[in-house]
Amino acid sequence: MPAPATWYFAYASNMNSVQMRSRAEILEEHRGTLENYELVFNRKARGGVATANIRQAAGKVVEGVLYRLPEAAFRNLDRYEGAPQQYRRIEVTITYGEGKKAAAQVYIATKVDKGLRPAPHYLQTILDGAAEHKFPPEYVEKIKEAAQSG
């Protein structure tokens, strides 16, 4: 009998499959969307730079990658994400494929700040993940705008 698996929605650097594979075994992956949320860079990391976060925003959409992972992988992911101190996990509904829905775990920052910008290498990892999964150019621009808006 296979180990229990859970969906995880990545909206930032874990969209980069090279990084994600170094953190967890990927059983399945799809591009997906989270409705009524937006991408922001408002969690302060070491050095005063920002890391990505999502927040509720009516009518907005966050694009990302939906991964099916063994449940045991979340121990490692929680460590990388700093859960539960820096991020907490919540369950959201992700749309993928031809209108399919999946309940997925997602990380949301526990504390936020204003006026922050991501480190260039971190932003590039996010953009590489977006390119790898063939995100629309308009959404890639939204990522860049969010990174600059602080």
# chains A, B, ... in the order shown; residues from 1 in each chain; ligands from 1

call {"tool": "select_by_dssp", "arguments": {"residues": "region 9-127 of chain A", "states": "strand (DSSP E)", "output": "ChimeraX atom specification"}}
result
/A:9-10,28-44,50-70,87-96,100-109

call {"tool": "residues_around", "arguments": {"residues": "region 118-124 of chain A", "least_positions_apart": "4", "cutoff": "12 Å", "atoms": "only C-alpha atoms", "output": "PyMOL selection string"}}
result
chain A and resi 11-16+19+40-53+128-132+140+143-150

call {"tool": "write_last_selection", "arguments": {"atoms": "C-alpha atoms", "output": "tab-separated table (two decimals), in the first residue's frame"}}
result
chain	number	residue	atom	x	y	z
A	11	TYR	CA	3.82	30.01	-5.29
A	12	ALA	CA	7.45	31.13	-4.85
A	13	SER	CA	10.91	29.54	-4.96
A	14	ASN	CA	9.53	26.00	-4.54
A	15	MET	CA	7.99	26.36	-8.03
A	16	ASN	CA	11.56	25.71	-9.19
A	19	GLN	CA	14.91	23.26	-5.55
A	40	VAL	CA	3.22	39.78	-2.08
A	41	PHE	CA	6.76	40.10	-0.76
A	42	ASN	CA	6.12	41.11	2.81
A	43	ARG	CA	7.84	38.58	5.06
A	44	LYS	CA	11.14	39.81	6.44
A	45	ALA	CA	13.99	37.33	6.11
A	46	ARG	CA	17.56	37.46	7.37
A	47	GLY	CA	19.40	40.49	6.10
A	48	GLY	CA	16.22	42.57	5.88
A	49	VAL	CA	15.16	41.20	2.50
A	50	ALA	CA	11.68	39.92	1.66
A	51	THR	CA	10.40	36.46	0.98
A	52	ALA	CA	7.15	35.73	-0.81
A	53	ASN	CA	3.79	35.41	0.83
A	128	ASP	CA	13.00	30.36	-13.20
A	129	GLY	CA	10.19	28.25	-11.73
A	130	ALA	CA	7.58	30.35	-13.53
A	131	ALA	CA	9.45	29.93	-16.84
A	132	GLU	CA	9.92	26.20	-16.28
A	140	VAL	CA	5.55	36.84	-14.75
A	143	ILE	CA	5.64	38.66	-9.96
A	144	LYS	CA	8.20	41.34	-10.92
A	145	GLU	CA	5.79	44.15	-9.97
A	146	ALA	CA	5.05	42.54	-6.60
A	147	ALA	CA	8.79	42.26	-5.95
A	148	GLN	CA	9.26	45.98	-6.63
A	149	SER	CA	6.24	47.26	-4.73
A	150	GLY	CA	7.53	46.24	-1.28

call {"tool": "residues_around", "arguments": {"residues": "region 30-37 of chain A", "least_positions_apart": "6", "cutoff": "6 Å", "atoms": "only C-alpha atoms", "output": "count of residues only"}}
result
15

call {"tool": "residues_around", "arguments": {"residues": "Tyr8 (chain A)", "least_positions_apart": "2", "cutoff": "9 Å", "atoms": "only C-alpha atoms", "output": "MDAnalysis selection string"}}
result
chainID A and resid 6 10 65:69 91 103:107

call {"tool": "select_by_dssp", "arguments": {"residues": "chain A", "states": "alpha helix (DSSP H)", "output": "compact mmCIF listing (two decimals) with C-alpha atoms, in the first residue's frame"}}
result
# COMPACT_ATOMS: atom_id res chain seq x y z
CA SER A 17 11.55 21.92 -9.51
CA VAL A 18 15.32 21.57 -8.93
CA GLN A 19 14.91 23.26 -5.55
CA MET A 20 11.71 21.38 -4.76
CA ARG A 21 13.24 17.98 -5.60
CA SER A 22 16.05 18.73 -3.15
CA ARG A 23 13.41 19.17 -0.42
CA ALA A 73 7.71 15.20 3.17
CA PHE A 74 6.02 17.99 5.14
CA ARG A 75 8.40 17.46 8.07
CA ASN A 76 11.26 18.53 5.81
CA LEU A 77 9.27 21.30 4.10
CA ASP A 78 8.16 22.72 7.46
CA ARG A 79 11.82 22.93 8.46
CA TYR A 80 12.78 24.75 5.24
CA GLU A 81 9.83 27.12 5.50
CA PRO A 120 17.87 39.17 -6.59
CA HIS A 121 18.87 35.47 -6.47
CA TYR A 122 15.65 34.56 -4.63
CA LEU A 123 13.51 36.44 -7.15
CA GLN A 124 15.41 34.73 -9.99
CA THR A 125 14.65 31.30 -8.50
CA ILE A 126 10.93 32.21 -8.53
CA LEU A 127 11.12 33.51 -12.11
CA ASP A 128 13.00 30.36 -13.20
CA GLY A 129 10.19 28.25 -11.73
CA ALA A 130 7.58 30.35 -13.53
CA ALA A 131 9.45 29.93 -16.84
CA GLU A 132 9.92 26.20 -16.28
CA PRO A 137 4.04 36.49 -19.53
CA GLU A 138 1.42 38.72 -17.85
CA TYR A 139 1.74 36.75 -14.61
CA VAL A 140 5.55 36.84 -14.75
CA GLU A 141 5.22 40.63 -14.93
CA LYS A 142 2.94 40.55 -11.87
CA ILE A 143 5.64 38.66 -9.96
CA LYS A 144 8.20 41.34 -10.92
CA GLU A 145 5.79 44.15 -9.97
CA ALA A 146 5.05 42.54 -6.60
CA ALA A 147 8.79 42.26 -5.95
CA GLN A 148 9.26 45.98 -6.63
CA SER A 149 6.24 47.26 -4.73

call {"tool": "atom_distance", "arguments": {"atom1": "CA of Glu71 (chain A)", "atom2": "CA of Glu29 (chain A)"}}
result
15.0 Å

call {"tool": "atom_distance", "arguments": {"atom1": "CA of Arg88 (chain A)", "atom2": "CA of Ile108 (chain A)"}}
result
5.4 Å

call {"tool": "atom_distance", "arguments": {"atom1": "CA of Lys114 (chain A)", "atom2": "CA of Gln85 (chain A)"}}
result
18.8 Å

call {"tool": "closest_residue", "arguments": {"among": "A:Ala3, A:Leu116, A:Glu25, A:Ile54", "to": "Ile90 (chain A)", "atoms": "only C-alpha atoms"}}
result
A:Ile54
